Amino acid sequence: MPLNRRAFLGTSAAAGAGAAMVGASAVPAAAHGRGGGHGHGRPEKRYSFTVMGTTDLHGNVFNWDYFTDTEFDDKDHNDVGLAKISTLVDRVRREKGRGNTLLIDAGDTIQGTQLSYYYAKIDPITARRGPVHPMAQAMNAIGYDAAALGNHEFNYGIPVLRKFEEQCDFPLLGANALDAKSLRPAFAPYVIKRMRTPHGRDVKVAVLGLTNPGIAIWDKANVGGKMVFPGLEEQAAKYVPRLRSMGADVVIVSAHSGNSGTSSYGDQIPYVENAAGLVAEQVPGIDAILVGHAHLEIPEYFVENKRTGKKVVLSEPLKWGQRLTLFDFDLVWEKGRWVVEQAGSRVLNSNTVAEDPKITRLLADEHRKVVAYVNQVIGTSTAAMSTAEAAWKDEPIIDLINVVQTETVKAALAGGAYAGLPVLSQASCFSRTARIPAGNVTIKDAAGLYPFENTLEARVLTGAQVKEYLEFSARYYVQTAAGAPVDPSRLTNAENTPDYNYDAVSGLTYEIDIAKPSGSRIVNLSFGGRPIDSAAEFVLAVNNYRASGGGNFPHVAAAKQVWANSEEIRNTIISWVQAKGSVDASEFASVDWRLTRDGVPVF
């Protein structure tokens, strides 16, 4: 049964512990290993079990890319989707015995593909007699035991998340997602599952769910005044001892939080964004952490707890269902309780198996509907445009995003107090495979430019602040001496900066001198053909992720907001193309920025 919020809060009030316990319907299990003698000639009691984990599924059920309407593929030939994960899970359950396994997720489940978008916005699950979310259908069919909340769970608002929660046959966990008024858990903090052993002594496995504190700023419009998100370490320190006192033999944390100890939002909130390693280091009593959020592959990583010296195993399976983590636990019965003798982890690659026909059949109708939706023609384009080189050149396809944003903000501010200020716009190369074809333009073409559900805002910055903003953005490029060879494949992503944290800004002109060190690269910054006035004010059309501190760009999060919109930028682009009928790049494309070295263009 799904653990809904009402039932959970009732349970916690009765228990006075602010937490719920859900028992697994355990199946008799065989021990995987037997030890030798254990004193008095009695055989040692041993038991082994496996916890499987996924994370950052981002709406992927099928091995399909709805933005290109073709089977998913990348340079490493990864595959994606829950249909592939289902095949791997079935294989593991056959090998280990179903009763000796659990399956959990670390969040970011219901956003990321046009499949998930369709059932949030086009045929919403919140409608009266609305559909069941495809991710809920797939995860229920596969048999998940629990899932932590990710930050993207909140993108469509709390009603969509609550409906998804209601549709899941497993709890959504978030020990640090609290009701803003009562400061009580808004979701189940944990679940306890019982593993039946051949020795008449069950193993109690607690799964504690932790989500990302950044939700408070990234989705402020949806959660402000409703929920608060304290730090992972703080909440783990509160709940892990409680779980141990309740008899948990094994404590696993499912954390939608990376391992680096860093935060993209700087010091805007006092809680670390990527805190999984800190939790392992600071909170005694944890055996393993399923890591999410960072979109990295970590098969196995050990962190030593500072207080106990015990090694905690961490693993992060690659995003979108490309990998499945396996945590293997070996337990021994000692002094009247089960003790973890050994724990390790590894990942399985989903490109080694076929999709599970049970899952593809289950959601075939939903898939067909979404394919038909994304292939709707919304206009035409006079020329083909691509993001293939947009990470290092000012390309017309990024200009398209900026012209849509600029026109939208200008129209919104018309007649108001800020109508006289010039409008600049920021955009990122979110995908290096996005394209607008010559000829018919479909929803998938336009949506492929903006795979995130960001909305648009307008913030006021000075000329000096704009320059600092651009300097921060320009750290994305690897410093390359004048005259040295330039390899575009090695030029970007300096300091591990992802593509989505490099902004091209339209409405002014500038050069980025990549021979200079980071922080002093912006040269010939001009507005209207003249050097920019440091004191002049500009309106920046900016997405809500950046405006709320995502990427930790300077000034923008603290800047005055003069307008905000609840419509996704992706939909604004689609509507703009529909209204125009024809996209003519010659009407808006211009080279406003370029990479240089000592004044010489790199390209």
# chains A, B, ... in the order shown; residues from 1 in each chain; ligands from 1

$ select_by_dssp --residues "region 234-309 of chain A" --states "alpha helix (DSSP H)" --output "count of residues only"
19

$ residues_around --residues "Val250 (chain A)" --least-positions-apart "3" --cutoff "12 Å" --atoms "only C-alpha atoms" --output "number ranges by chain"
A: 48-51, 191-195, 202-208, 240-241, 243-247, 253, 285-289, 312, 327-332, 337-343

$ write_last_selection --atoms "N, CA and C atoms" --output "short mmCIF file (atom, residue, chain, number, x, y, z; two decimals), in the first residue's frame"
data_model
loop_
_atom_site.label_atom_id
_atom_site.label_comp_id
_atom_site.auth_asym_id
_atom_site.auth_seq_id
_atom_site.Cartn_x
_atom_site.Cartn_y
_atom_site.Cartn_z
N SER A 48 22.87 -12.96 3.88
CA SER A 48 23.29 -11.97 2.89
C SER A 48 22.07 -11.46 2.13
N PHE A 49 22.09 -10.19 1.81
CA PHE A 49 21.01 -9.64 0.99
C PHE A 49 21.56 -8.50 0.15
N THR A 50 20.78 -8.08 -0.82
CA THR A 50 21.21 -7.06 -1.79
C THR A 50 20.17 -5.95 -1.88
N VAL A 51 20.62 -4.72 -1.86
CA VAL A 51 19.76 -3.56 -2.10
C VAL A 51 20.15 -2.97 -3.44
N VAL A 191 11.47 4.32 5.93
CA VAL A 191 10.68 3.09 5.90
C VAL A 191 11.56 1.98 6.47
N ILE A 192 10.96 1.05 7.19
CA ILE A 192 11.70 -0.10 7.71
C ILE A 192 11.14 -1.36 7.07
N LYS A 193 12.01 -2.13 6.47
CA LYS A 193 11.63 -3.38 5.80
C LYS A 193 12.21 -4.56 6.58
N ARG A 194 11.48 -5.64 6.61
CA ARG A 194 11.96 -6.85 7.29
C ARG A 194 12.40 -7.88 6.26
N MET A 195 13.61 -8.36 6.41
CA MET A 195 14.13 -9.43 5.56
C MET A 195 14.06 -10.72 6.37
N ASP A 202 14.52 -12.10 11.88
CA ASP A 202 14.43 -11.16 10.74
C ASP A 202 15.54 -10.11 10.83
N VAL A 203 15.93 -9.63 9.67
CA VAL A 203 16.81 -8.47 9.59
C VAL A 203 15.95 -7.24 9.32
N LYS A 204 16.09 -6.25 10.17
CA LYS A 204 15.33 -5.00 9.97
C LYS A 204 16.22 -3.99 9.24
N VAL A 205 15.78 -3.62 8.04
CA VAL A 205 16.55 -2.70 7.20
C VAL A 205 15.81 -1.37 7.13
N ALA A 206 16.43 -0.32 7.61
CA ALA A 206 15.84 1.02 7.55
C ALA A 206 16.39 1.77 6.35
N VAL A 207 15.50 2.41 5.63
CA VAL A 207 15.89 3.28 4.52
C VAL A 207 15.46 4.70 4.88
N LEU A 208 16.43 5.58 5.06
CA LEU A 208 16.17 6.98 5.40
C LEU A 208 16.30 7.81 4.13
N VAL A 240 18.99 8.76 12.42
CA VAL A 240 19.74 7.49 12.45
C VAL A 240 19.74 6.87 13.85
N PRO A 241 20.03 7.64 14.92
CA PRO A 241 19.95 7.03 16.26
C PRO A 241 18.55 6.50 16.58
N LEU A 243 16.39 5.31 14.43
CA LEU A 243 16.20 4.06 13.70
C LEU A 243 16.93 2.91 14.38
N ARG A 244 18.12 3.16 14.87
CA ARG A 244 18.87 2.13 15.60
C ARG A 244 18.13 1.74 16.88
N SER A 245 17.58 2.73 17.58
CA SER A 245 16.87 2.43 18.83
C SER A 245 15.59 1.66 18.56
N MET A 246 15.04 1.79 17.36
CA MET A 246 13.85 1.03 16.96
C MET A 246 14.20 -0.38 16.51
N GLY A 247 15.49 -0.71 16.53
CA GLY A 247 15.89 -2.07 16.21
C GLY A 247 16.41 -2.28 14.82
N VAL A 253 20.90 5.09 3.67
CA VAL A 253 20.40 6.42 3.34
C VAL A 253 20.25 6.54 1.83
N GLY A 285 26.47 5.23 12.49
CA GLY A 285 25.34 4.30 12.42
C GLY A 285 24.79 4.04 11.04
N ILE A 286 25.42 4.62 10.00
CA ILE A 286 24.96 4.42 8.62
C ILE A 286 25.83 3.34 7.97
N ASP A 287 25.20 2.43 7.26
CA ASP A 287 25.94 1.36 6.58
C ASP A 287 26.22 1.67 5.11
N ALA A 288 25.29 2.34 4.44
CA ALA A 288 25.45 2.61 3.01
C ALA A 288 24.63 3.83 2.62
N ILE A 289 25.09 4.53 1.58
CA ILE A 289 24.34 5.67 1.06
C ILE A 289 24.21 5.52 -0.46
N VAL A 312 31.80 3.59 5.51
CA VAL A 312 30.45 3.62 4.94
C VAL A 312 30.59 3.53 3.42
N PHE A 327 24.08 -2.90 -3.77
CA PHE A 327 24.76 -2.95 -2.48
C PHE A 327 24.62 -4.37 -1.95
N ASP A 328 25.71 -5.05 -1.71
CA ASP A 328 25.69 -6.40 -1.16
C ASP A 328 26.11 -6.36 0.30
N PHE A 329 25.25 -6.92 1.17
CA PHE A 329 25.50 -6.93 2.61
C PHE A 329 25.65 -8.36 3.11
N ASP A 330 26.71 -8.61 3.88
CA ASP A 330 26.90 -9.89 4.56
C ASP A 330 26.77 -9.64 6.05
N LEU A 331 25.83 -10.35 6.70
CA LEU A 331 25.55 -10.16 8.11
C LEU A 331 25.89 -11.42 8.90
N VAL A 332 26.24 -11.21 10.15
CA VAL A 332 26.48 -12.33 11.06
C VAL A 332 25.74 -12.06 12.36
N ARG A 337 22.11 -10.06 18.06
CA ARG A 337 21.64 -9.16 17.00
C ARG A 337 22.43 -9.38 15.72
N TRP A 338 21.87 -8.89 14.62
CA TRP A 338 22.54 -8.98 13.33
C TRP A 338 23.55 -7.84 13.21
N VAL A 339 24.74 -8.16 12.74
CA VAL A 339 25.79 -7.16 12.56
C VAL A 339 26.29 -7.24 11.12
N VAL A 340 26.47 -6.07 10.50
CA VAL A 340 27.01 -6.03 9.13
C VAL A 340 28.50 -6.36 9.21
N GLU A 341 28.86 -7.49 8.62
CA GLU A 341 30.25 -7.91 8.61
C GLU A 341 31.00 -7.31 7.42
N GLN A 342 30.28 -7.19 6.33
CA GLN A 342 30.89 -6.68 5.11
C GLN A 342 29.82 -6.04 4.23
N ALA A 343 30.16 -4.93 3.59
CA ALA A 343 29.25 -4.27 2.65
C ALA A 343 30.06 -3.71 1.50
#

$ atom_distance --atom1 "CA of Met52 (chain A)" --atom2 "CA of Thr325 (chain A)"
5.5 Å

$ residues_around --residues "Thr352 (chain A)" --least-positions-apart "2" --cutoff "9 Å" --atoms "only C-alpha atoms" --output "list in words"
Asp79, Lys84, Leu88, Leu348, Asn349, Ser350 and Ala354 of chain A

$ atom_distance --atom1 "CA of Ala447 (chain A)" --atom2 "CA of Arg435 (chain A)"
10.0 Å

$ residues_around --residues "region 220-235 of chain A" --least-positions-apart "5" --cutoff "8 Å" --atoms "only C-alpha atoms" --output "MDAnalysis selection string"
chainID A and resid 154:158 175:181 183 186 210:215 270:272 275:276 278:279 282:283 548

$ closest_residue --among "A:Gln578, A:Asn565, A:Asn78, A:Thr70" --to "Asn544 (chain A)" --atoms "only C-alpha atoms"
A:Asn565

$ select_by_dssp --residues "region 137-348 of chain A" --states "strand (DSSP E or B)" --output "ChimeraX atom specification"
/A:146-148,172-173,178-179,185,188,190-195,203-210,227-228,250-255,288-291,298-304,311-316,323-334,337-348

$ closest_residue --among "A:Gly549, A:Gly309, A:Gly507, A:Gly439" --to "Pro422 (chain A)" --atoms "only C-alpha atoms"
A:Gly507

$ residues_around --residues "Glu153 (chain A)" --least-positions-apart "2" --cutoff "9 Å" --atoms "only C-alpha atoms" --output "PDB file with N, CA, C and O atoms, in the first residue's frame"
ATOM      1  N   GLY A 107      15.714   9.716  -6.202  1.00  0.00           N
ATOM      2  CA  GLY A 107      15.022  10.951  -6.548  1.00  0.00           C
ATOM      3  C   GLY A 107      15.295  11.540  -7.918  1.00  0.00           C
ATOM      4  O   GLY A 107      16.169  11.095  -8.652  1.00  0.00           O
ATOM      5  N   ASP A 108      14.521  12.577  -8.245  1.00  0.00           N
ATOM      6  CA  ASP A 108      14.410  13.199  -9.570  1.00  0.00           C
ATOM      7  C   ASP A 108      13.785  12.197 -10.538  1.00  0.00           C
ATOM      8  O   ASP A 108      14.435  11.681 -11.447  1.00  0.00           O
ATOM      9  N   THR A 109      12.512  11.984 -10.332  1.00  0.00           N
ATOM     10  CA  THR A 109      11.774  10.923 -11.013  1.00  0.00           C
ATOM     11  C   THR A 109      10.806  11.453 -12.062  1.00  0.00           C
ATOM     12  O   THR A 109      10.693  10.889 -13.144  1.00  0.00           O
ATOM     13  N   ILE A 110      10.103  12.565 -11.765  1.00  0.00           N
ATOM     14  CA  ILE A 110       8.942  12.935 -12.587  1.00  0.00           C
ATOM     15  C   ILE A 110       9.176  14.145 -13.482  1.00  0.00           C
ATOM     16  O   ILE A 110       8.232  14.766 -13.954  1.00  0.00           O
ATOM     17  N   GLN A 111      10.432  14.481 -13.761  1.00  0.00           N
ATOM     18  CA  GLN A 111      10.721  15.588 -14.667  1.00  0.00           C
ATOM     19  C   GLN A 111      11.903  15.205 -15.548  1.00  0.00           C
ATOM     20  O   GLN A 111      12.818  14.532 -15.095  1.00  0.00           O
ATOM     21  N   LEU A 149      12.827  11.797  -2.316  1.00  0.00           N
ATOM     22  CA  LEU A 149      12.397  12.941  -3.121  1.00  0.00           C
ATOM     23  C   LEU A 149      13.622  13.620  -3.726  1.00  0.00           C
ATOM     24  O   LEU A 149      14.616  13.842  -3.037  1.00  0.00           O
ATOM     25  N   GLY A 150      13.539  13.987  -5.009  1.00  0.00           N
ATOM     26  CA  GLY A 150      14.562  14.817  -5.627  1.00  0.00           C
ATOM     27  C   GLY A 150      14.082  16.244  -5.730  1.00  0.00           C
ATOM     28  O   GLY A 150      12.891  16.531  -5.550  1.00  0.00           O
ATOM     29  N   ASN A 151      14.982  17.173  -6.023  1.00  0.00           N
ATOM     30  CA  ASN A 151      14.550  18.568  -6.157  1.00  0.00           C
ATOM     31  C   ASN A 151      13.598  18.762  -7.330  1.00  0.00           C
ATOM     32  O   ASN A 151      12.665  19.566  -7.274  1.00  0.00           O
ATOM     33  N   ASN A 155       9.122  20.592  -9.326  1.00  0.00           N
ATOM     34  CA  ASN A 155       9.061  21.515 -10.464  1.00  0.00           C
ATOM     35  C   ASN A 155       7.647  21.834 -10.924  1.00  0.00           C
ATOM     36  O   ASN A 155       7.369  22.934 -11.396  1.00  0.00           O
ATOM     37  N   TYR A 156       6.764  20.848 -10.818  1.00  0.00           N
ATOM     38  CA  TYR A 156       5.396  21.040 -11.324  1.00  0.00           C
ATOM     39  C   TYR A 156       4.424  21.476 -10.228  1.00  0.00           C
ATOM     40  O   TYR A 156       3.223  21.538 -10.435  1.00  0.00           O
ATOM     41  N   GLY A 157       4.949  21.754  -9.040  1.00  0.00           N
ATOM     42  CA  GLY A 157       4.104  22.164  -7.934  1.00  0.00           C
ATOM     43  C   GLY A 157       3.762  20.998  -7.024  1.00  0.00           C
ATOM     44  O   GLY A 157       3.837  19.826  -7.409  1.00  0.00           O
ATOM     45  N   ILE A 158       3.362  21.334  -5.801  1.00  0.00           N
ATOM     46  CA  ILE A 158       3.083  20.306  -4.796  1.00  0.00           C
ATOM     47  C   ILE A 158       1.869  19.438  -5.163  1.00  0.00           C
ATOM     48  O   ILE A 158       1.894  18.230  -4.924  1.00  0.00           O
ATOM     49  N   VAL A 160       0.887  18.213  -8.049  1.00  0.00           N
ATOM     50  CA  VAL A 160       1.318  17.135  -8.940  1.00  0.00           C
ATOM     51  C   VAL A 160       2.145  16.109  -8.165  1.00  0.00           C
ATOM     52  O   VAL A 160       1.956  14.890  -8.326  1.00  0.00           O
ATOM     53  N   LEU A 161       3.024  16.588  -7.299  1.00  0.00           N
ATOM     54  CA  LEU A 161       3.847  15.676  -6.496  1.00  0.00           C
ATOM     55  C   LEU A 161       2.971  14.833  -5.567  1.00  0.00           C
ATOM     56  O   LEU A 161       3.185  13.623  -5.433  1.00  0.00           O
TER      57      LEU A 161
END

$ residues_around --residues "Gly599 (chain A)" --least-positions-apart "3" --cutoff "12 Å" --atoms "only C-alpha atoms" --output "list in words"
Ala482, Gly483, Tyr510, Glu511, Ile512, Asp513, Ile514, Ala515, Lys516, Arg521, Ile522, Val523, Asn524, Arg594, Leu595, Thr596, Val602 and Phe603 of chain A

$ write_last_selection --atoms "N, CA and C atoms" --output "CSV table (one decimal), in the first residue's frame"
chain,number,residue,atom,x,y,z
A,482,ALA,N,48.0,32.1,-26.2
A,482,ALA,CA,48.0,32.6,-27.6
A,482,ALA,C,49.0,31.8,-28.4
A,483,GLY,N,48.6,31.3,-29.6
A,483,GLY,CA,49.4,30.5,-30.5
A,483,GLY,C,49.4,29.1,-30.2
A,510,TYR,N,30.8,41.5,-26.7
A,510,TYR,CA,32.0,41.3,-25.9
A,510,TYR,C,32.9,40.2,-26.5
A,511,GLU,N,34.1,40.2,-26.0
A,511,GLU,CA,35.0,39.2,-26.3
A,511,GLU,C,35.5,38.4,-25.1
A,512,ILE,N,35.7,37.1,-25.2
A,512,ILE,CA,36.3,36.4,-24.1
A,512,ILE,C,37.7,36.0,-24.4
A,513,ASP,N,38.7,36.6,-23.8
A,513,ASP,CA,40.1,36.3,-24.1
A,513,ASP,C,40.5,35.1,-23.2
A,514,ILE,N,40.5,33.9,-23.9
A,514,ILE,CA,40.8,32.6,-23.2
A,514,ILE,C,42.3,32.5,-22.8
A,515,ALA,N,43.2,33.4,-23.4
A,515,ALA,CA,44.6,33.4,-23.0
A,515,ALA,C,44.8,34.0,-21.6
A,516,LYS,N,43.8,34.7,-21.1
A,516,LYS,CA,43.9,35.4,-19.8
A,516,LYS,C,43.3,34.4,-18.7
A,521,ARG,N,38.8,38.0,-18.2
A,521,ARG,CA,38.7,37.6,-19.6
A,521,ARG,C,37.8,38.5,-20.5
A,522,ILE,N,36.9,39.2,-19.9
A,522,ILE,CA,35.9,39.9,-20.7
A,522,ILE,C,36.6,41.2,-21.2
A,523,VAL,N,36.7,41.4,-22.5
A,523,VAL,CA,37.3,42.6,-23.1
A,523,VAL,C,36.3,43.2,-24.1
A,524,ASN,N,36.5,44.5,-24.4
A,524,ASN,CA,35.7,45.2,-25.3
A,524,ASN,C,34.2,45.0,-25.1
A,594,ARG,N,32.5,36.5,-29.0
A,594,ARG,CA,33.5,35.5,-29.6
A,594,ARG,C,34.6,35.3,-28.7
A,595,LEU,N,35.3,34.1,-28.9
A,595,LEU,CA,36.5,33.8,-28.1
A,595,LEU,C,37.7,34.4,-28.9
A,596,THR,N,38.6,35.0,-28.1
A,596,THR,CA,39.8,35.6,-28.7
A,596,THR,C,41.0,35.3,-27.9
A,602,VAL,N,39.5,33.2,-32.0
A,602,VAL,CA,39.9,31.8,-32.0
A,602,VAL,C,39.3,31.0,-33.1
A,603,PHE,N,38.1,31.3,-33.4
A,603,PHE,CA,37.3,30.7,-34.5
A,603,PHE,C,36.9,31.7,-35.6

$ closest_atom_pairs --of "region 531-595 of chain A" --to "region 371-380 of chain A" --cutoff "7 Å" --atoms "only C-alpha atoms" --output "CSV"
residue,atom,partner,partner_atom,distance
A:Val577,CA,A:Gly379,CA,6.0
A:Gln578,CA,A:Ile378,CA,5.1
A:Gly581,CA,A:Gly379,CA,4.7
A:Ser582,CA,A:Thr380,CA,4.7
A:Val583,CA,A:Thr380,CA,6.1

$ residues_around --residues "Asp105 (chain A)" --least-positions-apart "2" --cutoff "9 Å" --atoms "only C-alpha atoms" --output "PyMOL selection string"
chain A and resi 52-57+103+107-109+144-149+254-255+290+292

$ closest_atom_pairs --of "region 421-462 of chain A" --to "region 389-398 of chain A" --cutoff "9 Å" --atoms "only C-alpha atoms" --output "CSV"
residue,atom,partner,partner_atom,distance
A:Ala427,CA,A:Ile398,CA,6.7
A:Ser428,CA,A:Ile398,CA,7.3
A:Cys429,CA,A:Ala391,CA,6.1
A:Arg432,CA,A:Ala390,CA,7.3
A:Ala434,CA,A:Ile397,CA,8.7
A:Arg435,CA,A:Ile397,CA,7.6
A:Ile436,CA,A:Ile397,CA,7.5
A:Leu449,CA,A:Ile397,CA,8.1

$ write_last_selection --atoms "all heavy atoms" --output "PDB file, in the first residue's frame"
ATOM      1  N   ALA A 427      21.258  32.763 -22.019  1.00  0.00           N
ATOM      2  CA  ALA A 427      20.845  31.417 -22.446  1.00  0.00           C
ATOM      3  C   ALA A 427      22.058  30.510 -22.417  1.00  0.00           C
ATOM      4  O   ALA A 427      23.203  30.956 -22.550  1.00  0.00           O
ATOM      5  CB  ALA A 427      20.235  31.449 -23.850  1.00  0.00           C
ATOM      6  N   SER A 428      21.800  29.228 -22.239  1.00  0.00           N
ATOM      7  CA  SER A 428      22.867  28.227 -22.177  1.00  0.00           C
ATOM      8  C   SER A 428      22.673  27.203 -23.281  1.00  0.00           C
ATOM      9  O   SER A 428      21.557  27.004 -23.774  1.00  0.00           O
ATOM     10  CB  SER A 428      22.846  27.514 -20.822  1.00  0.00           C
ATOM     11  OG  SER A 428      22.993  28.425 -19.763  1.00  0.00           O
ATOM     12  N   CYS A 429      23.758  26.541 -23.617  1.00  0.00           N
ATOM     13  CA  CYS A 429      23.693  25.402 -24.539  1.00  0.00           C
ATOM     14  C   CYS A 429      23.397  24.165 -23.693  1.00  0.00           C
ATOM     15  O   CYS A 429      24.302  23.524 -23.170  1.00  0.00           O
ATOM     16  CB  CYS A 429      25.023  25.254 -25.280  1.00  0.00           C
ATOM     17  SG  CYS A 429      25.086  23.824 -26.363  1.00  0.00           S
ATOM     18  N   ARG A 432      24.089  19.588 -26.713  1.00  0.00           N
ATOM     19  CA  ARG A 432      24.905  19.808 -27.908  1.00  0.00           C
ATOM     20  C   ARG A 432      24.354  19.080 -29.122  1.00  0.00           C
ATOM     21  O   ARG A 432      24.961  19.100 -30.186  1.00  0.00           O
ATOM     22  CB  ARG A 432      26.351  19.375 -27.639  1.00  0.00           C
ATOM     23  CG  ARG A 432      27.017  20.200 -26.532  1.00  0.00           C
ATOM     24  CD  ARG A 432      28.515  20.012 -26.514  1.00  0.00           C
ATOM     25  NE  ARG A 432      29.131  20.682 -25.359  1.00  0.00           N
ATOM     26  CZ  ARG A 432      30.426  20.831 -25.192  1.00  0.00           C
ATOM     27  NH1 ARG A 432      31.274  20.365 -26.099  1.00  0.00           N
ATOM     28  NH2 ARG A 432      30.906  21.432 -24.121  1.00  0.00           N
ATOM     29  N   ALA A 434      20.862  19.502 -29.916  1.00  0.00           N
ATOM     30  CA  ALA A 434      19.596  20.149 -30.299  1.00  0.00           C
ATOM     31  C   ALA A 434      19.724  20.726 -31.703  1.00  0.00           C
ATOM     32  O   ALA A 434      20.790  21.188 -32.106  1.00  0.00           O
ATOM     33  CB  ALA A 434      19.244  21.252 -29.309  1.00  0.00           C
ATOM     34  N   ARG A 435      18.603  20.702 -32.425  1.00  0.00           N
ATOM     35  CA  ARG A 435      18.637  21.251 -33.783  1.00  0.00           C
ATOM     36  C   ARG A 435      17.246  21.713 -34.188  1.00  0.00           C
ATOM     37  O   ARG A 435      16.236  21.182 -33.734  1.00  0.00           O
ATOM     38  CB  ARG A 435      19.168  20.224 -34.789  1.00  0.00           C
ATOM     39  CG  ARG A 435      18.389  18.925 -34.849  1.00  0.00           C
ATOM     40  CD  ARG A 435      19.045  17.897 -35.760  1.00  0.00           C
ATOM     41  NE  ARG A 435      19.039  18.317 -37.144  1.00  0.00           N
ATOM     42  CZ  ARG A 435      18.012  18.112 -37.982  1.00  0.00           C
ATOM     43  NH1 ARG A 435      16.906  17.512 -37.574  1.00  0.00           N
ATOM     44  NH2 ARG A 435      18.077  18.513 -39.235  1.00  0.00           N
ATOM     45  N   ILE A 436      17.228  22.739 -35.018  1.00  0.00           N
ATOM     46  CA  ILE A 436      16.008  23.179 -35.696  1.00  0.00           C
ATOM     47  C   ILE A 436      16.236  22.887 -37.181  1.00  0.00           C
ATOM     48  O   ILE A 436      17.182  23.429 -37.772  1.00  0.00           O
ATOM     49  CB  ILE A 436      15.744  24.687 -35.484  1.00  0.00           C
ATOM     50  CG1 ILE A 436      15.547  25.003 -33.996  1.00  0.00           C
ATOM     51  CG2 ILE A 436      14.549  25.155 -36.303  1.00  0.00           C
ATOM     52  CD1 ILE A 436      14.261  24.517 -33.388  1.00  0.00           C
ATOM     53  N   LEU A 449      15.492  22.514 -27.469  1.00  0.00           N
ATOM     54  CA  LEU A 449      16.372  23.626 -27.099  1.00  0.00           C
ATOM     55  C   LEU A 449      16.403  23.844 -25.590  1.00  0.00           C
ATOM     56  O   LEU A 449      17.355  24.395 -25.063  1.00  0.00           O
ATOM     57  CB  LEU A 449      15.882  24.932 -27.738  1.00  0.00           C
ATOM     58  CG  LEU A 449      16.061  25.125 -29.222  1.00  0.00           C
ATOM     59  CD1 LEU A 449      15.547  26.495 -29.613  1.00  0.00           C
ATOM     60  CD2 LEU A 449      17.500  24.962 -29.607  1.00  0.00           C
TER      61      LEU A 449
END

$ closest_residue --among "A:Ala535, A:Gly416, A:Arg242, A:His152" --to "Tyr190 (chain A)" --atoms "only C-alpha atoms"
A:Arg242

$ closest_residue --among "A:Lys444, A:Arg530, A:Lys75, A:Arg570" --to "Leu456 (chain A)" --atoms "only C-alpha atoms"
A:Arg570

$ closest_atom_pairs --of "region 312-424 of chain A" --to "region 259-266 of chain A" --cutoff "12 Å" --atoms "only C-alpha atoms" --output "JSON lines"
{"residue": "A:Val313", "atom": "CA", "partner": "A:Asn259", "partner_atom": "CA", "distance": 11.9}
{"residue": "A:Leu314", "atom": "CA", "partner": "A:Asn259", "partner_atom": "CA", "distance": 8.8}
{"residue": "A:Ser315", "atom": "CA", "partner": "A:Asn259", "partner_atom": "CA", "distance": 9.6}
{"residue": "A:Glu316", "atom": "CA", "partner": "A:Asn259", "partner_atom": "CA", "distance": 9.1}
